[in-house]
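Report on the structure given below.
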Amino acid sequence: MPEYTLRIRRYDPQSGEGAHWDTHTVDLSPVQSVLDAILKIKDDADGSIGIRCSCQQAICGSCGVRMNGKPGLACNTHLDEAAARVHSTGETPPVEGQQAPVITVEPMGNMPVIRDLIVDMDAVHWKKIRRVTPWLINKQPVPEREYIVPHENMVDVTQPMACIQCSACVSDCLAMEVDPLFVGPAALAKAYRFVGDPRDAQQAERLRDLSEDPHGIYDCTHCFNCIDACPKGVDPMNQIMRLRRVAGSDHHIEDRNNGYRHEHAFVKNIRKNGILHESDLLADSYGGKFNPAAVPELVSGLPTAIKGLARGKMTPKNLLGHPHKASPEVKRLFDKIESKPTRNELNLYVSGVEDEPEPPTTADAEARS
Ligand code: SF4
Ligand code: SF4
Ligand code: FES
């Protein structure tokens, strides 16, 4: 049986002492889970290690931790998979055969530690989930019998419904690291679950609320960490983008955070230039260079522009002008998409459509004869 070395971060805020690392070696099969290893260490060596777990089947969402720098479910991560991850500090796993591979296990990020590997989900995760009114507000009148929802609408919300509230996405959300008040990936995915449900009476109100909130849907920086972290394929960032599309394209909510105008400036920029011309983006987000609203923003962006010029990342030519112009192909693509009467939402989780059966090959026909 191969050996694995687990470095477990220990911390008890009530002890008054700082955090430290405990190291234990376990003999377990590579396809046993990190949780199996932690529970074995608890049984055999140190019962005081704090870890939260229940189902051991990737269902309850309680065993979220960071393993070699990446968040995930300890019960759903094989030892060999965790050991193969390069630690975010740049530490690489030892070469096979030289010594036991090391798996560093830490509590999830962006949440206060209660003890060892247990974080305070109430203080962050559940508080944010409650923020988005996580229940259906029925349209009236409610039918006497069942409320029938079109199949495509249910398929549309299946992806956020798969969430098990493990908070792995919250753990590594970069926007939340900078702005702890950001509503965050798990709660916003939950918000889409109700925004996308045709039985809900408050789609517009929910979207206006999350658009106007400075820590709402426009606070996400598209870092993709929540997509990588999620063990259930919920793709929280995609749910946030869908909230933005419904808010902007269907309800035309022009929020005070300038998120709506920023997105439109982006589209205009690409349509015109083919590639992004950053120096136009800021002004266009505030109505164009000559709009009085843009002046304070342009002035506040001056130090960045000066730094860029000083470091050679920008030149006066590309700051003021732009050599690129969109090719006719780009314009044709825009025209084609914008002329469509309905928007095609891509739910990459479940298509709701069976794959077409493969046509029989000559080899199949020969095998049958
Ligand atoms: S994509 Fe957005 S929500 Fe997801 S982790 Fe990054 S900043 Fe957070
Ligand atoms: S979206 Fe994914 S990572 Fe985030 S809480 Fe839900 S299941 Fe966990
Ligand atoms: S113990 Fe339930 S998800 Fe891991």
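All residue names refer to the structure tokens as shown: chains lettered A, B, ... in order, residues numbered from 1 in each chain, ligands numbered from 1 in order.
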Name all residues at most 12 Å from A:Ile129 (count only C-alpha atoms; drop same-chain ones fewer than 5 positions away) and give them as a PDB file with C-alpha atoms, in the first residue's frame.
ATOM      1  CA  MET A 121     -20.310  28.699   7.204  1.00  0.00           C
ATOM      2  CA  ASP A 122     -22.988  30.727   9.040  1.00  0.00           C
ATOM      3  CA  ALA A 123     -20.874  33.873   9.100  1.00  0.00           C
ATOM      4  CA  VAL A 124     -20.340  33.933   5.339  1.00  0.00           C
ATOM      5  CA  PRO A 134     -33.612  31.595  -1.555  1.00  0.00           C
ATOM      6  CA  TRP A 135     -37.196  30.504  -2.034  1.00  0.00           C
ATOM      7  CA  CYS A 163     -25.507  22.904  -5.766  1.00  0.00           C
ATOM      8  CA  GLN A 165     -23.832  24.276  -0.567  1.00  0.00           C
ATOM      9  CA  CYS A 166     -20.283  23.133   0.096  1.00  0.00           C
ATOM     10  CA  SER A 167     -18.831  26.662  -0.357  1.00  0.00           C
ATOM     11  CA  VAL A 170     -16.712  30.860  -2.011  1.00  0.00           C
ATOM     12  CA  PHE A 182     -19.661  40.510  -2.451  1.00  0.00           C
ATOM     13  CA  VAL A 183     -22.779  38.343  -2.578  1.00  0.00           C
ATOM     14  CA  GLY A 184     -20.571  35.635  -4.047  1.00  0.00           C
ATOM     15  CA  PRO A 185     -20.760  32.689  -6.426  1.00  0.00           C
ATOM     16  CA  ALA A 186     -22.863  30.224  -4.421  1.00  0.00           C
ATOM     17  CA  ALA A 187     -25.548  32.749  -3.482  1.00  0.00           C
ATOM     18  CA  LEU A 188     -25.733  34.207  -6.991  1.00  0.00           C
ATOM     19  CA  ALA A 189     -26.041  30.729  -8.500  1.00  0.00           C
ATOM     20  CA  LYS A 190     -28.902  30.217  -6.051  1.00  0.00           C
ATOM     21  CA  ALA A 191     -30.433  33.510  -7.200  1.00  0.00           C
ATOM     22  CA  TYR A 192     -30.474  32.280 -10.815  1.00  0.00           C
ATOM     23  CA  ARG A 193     -32.319  29.149  -9.682  1.00  0.00           C
TER      24      ARG A 193
END
At a cut-off of 10 Å and counting only C-alpha atoms and all ligand atoms, what residues surround ligand 2? Please answer as an MDAnalysis selection string. chainID A and resid 58:62 64 71:73 125 129 159:173 184:190 225:237 239
Which residue of A:Lys139, A:Lys289, A:Arg199, A:His222 approaches A:Met241 most closely, using only C-alpha atoms: A:His222
One number please: atom CA of A:His78 to atom CA of A:Ser33, in Å, one decimal.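 Value for the atom CA of A:His78-atom CA of A:Ser33 distance: 4.3 Å.
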Based on DSSP run over this structure's backbone, return all residues of stretch 142-243 of chain A in helix (DSSP H, G or I), as number ranges by chain. A: 151-161, 168-171, 174-178, 185-195, 203-212, 217-219, 225-229, 236-243
Convert the current residue selection to file output with C-alpha atoms, as a compact mmCIF listing (two decimals), in the first residue's frame.
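Done, and the output landed in result10.txt:
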# COMPACT_ATOMS: atom_id res chain seq x y z
CA HIS A 151 -39.51 21.30 -19.61
CA GLU A 152 -36.95 23.74 -21.04
CA ASN A 153 -37.33 26.03 -18.02
CA MET A 154 -36.63 23.19 -15.61
CA VAL A 155 -33.60 22.14 -17.66
CA ASP A 156 -32.44 25.75 -17.50
CA VAL A 157 -32.39 25.77 -13.67
CA THR A 158 -31.09 22.22 -13.24
CA GLN A 159 -27.51 23.40 -13.11
CA PRO A 160 -27.86 25.75 -10.10
CA MET A 161 -30.16 23.20 -8.48
CA ALA A 168 -15.78 25.47 -2.29
CA CYS A 169 -16.52 28.26 -4.79
CA VAL A 170 -16.71 30.86 -2.01
CA SER A 171 -13.39 29.63 -0.64
CA LEU A 174 -11.07 36.42 -5.84
CA ALA A 175 -13.72 39.14 -5.79
CA MET A 176 -14.77 38.09 -2.31
CA GLU A 177 -11.17 38.20 -1.13
CA VAL A 178 -11.05 41.89 -2.10
CA PRO A 185 -20.76 32.69 -6.43
CA ALA A 186 -22.86 30.22 -4.42
CA ALA A 187 -25.55 32.75 -3.48
CA LEU A 188 -25.73 34.21 -6.99
CA ALA A 189 -26.04 30.73 -8.50
CA LYS A 190 -28.90 30.22 -6.05
CA ALA A 191 -30.43 33.51 -7.20
CA TYR A 192 -30.47 32.28 -10.81
CA ARG A 193 -32.32 29.15 -9.68
CA PHE A 194 -35.34 31.40 -8.90
CA VAL A 195 -34.80 34.04 -11.58
CA GLN A 203 -37.89 38.12 -11.41
CA ALA A 204 -37.56 41.85 -12.14
CA GLU A 205 -37.35 42.82 -8.44
CA ARG A 206 -34.67 40.19 -7.73
CA LEU A 207 -32.62 41.36 -10.71
CA ARG A 208 -32.95 45.06 -9.89
CA ASP A 209 -31.89 44.36 -6.32
CA LEU A 210 -28.79 42.36 -7.37
CA SER A 211 -27.88 44.86 -10.12
CA GLU A 212 -28.15 47.93 -7.90
CA ILE A 217 -23.83 40.70 -9.96
CA TYR A 218 -21.45 43.31 -11.37
CA ASP A 219 -18.86 42.70 -8.65
CA ASN A 225 -12.04 30.06 -9.83
CA CYS A 226 -15.58 29.12 -8.83
CA ILE A 227 -15.97 27.05 -12.00
CA ASP A 228 -12.75 25.15 -11.26
CA ALA A 229 -13.65 24.67 -7.60
CA PRO A 236 -21.46 29.68 -10.65
CA MET A 237 -19.76 32.27 -12.86
CA ASN A 238 -21.97 31.22 -15.77
CA GLN A 239 -25.06 31.62 -13.59
CA ILE A 240 -23.88 35.15 -12.74
CA MET A 241 -23.46 35.92 -16.43
CA ARG A 242 -26.98 34.66 -17.06
CA LEU A 243 -28.31 36.94 -14.32
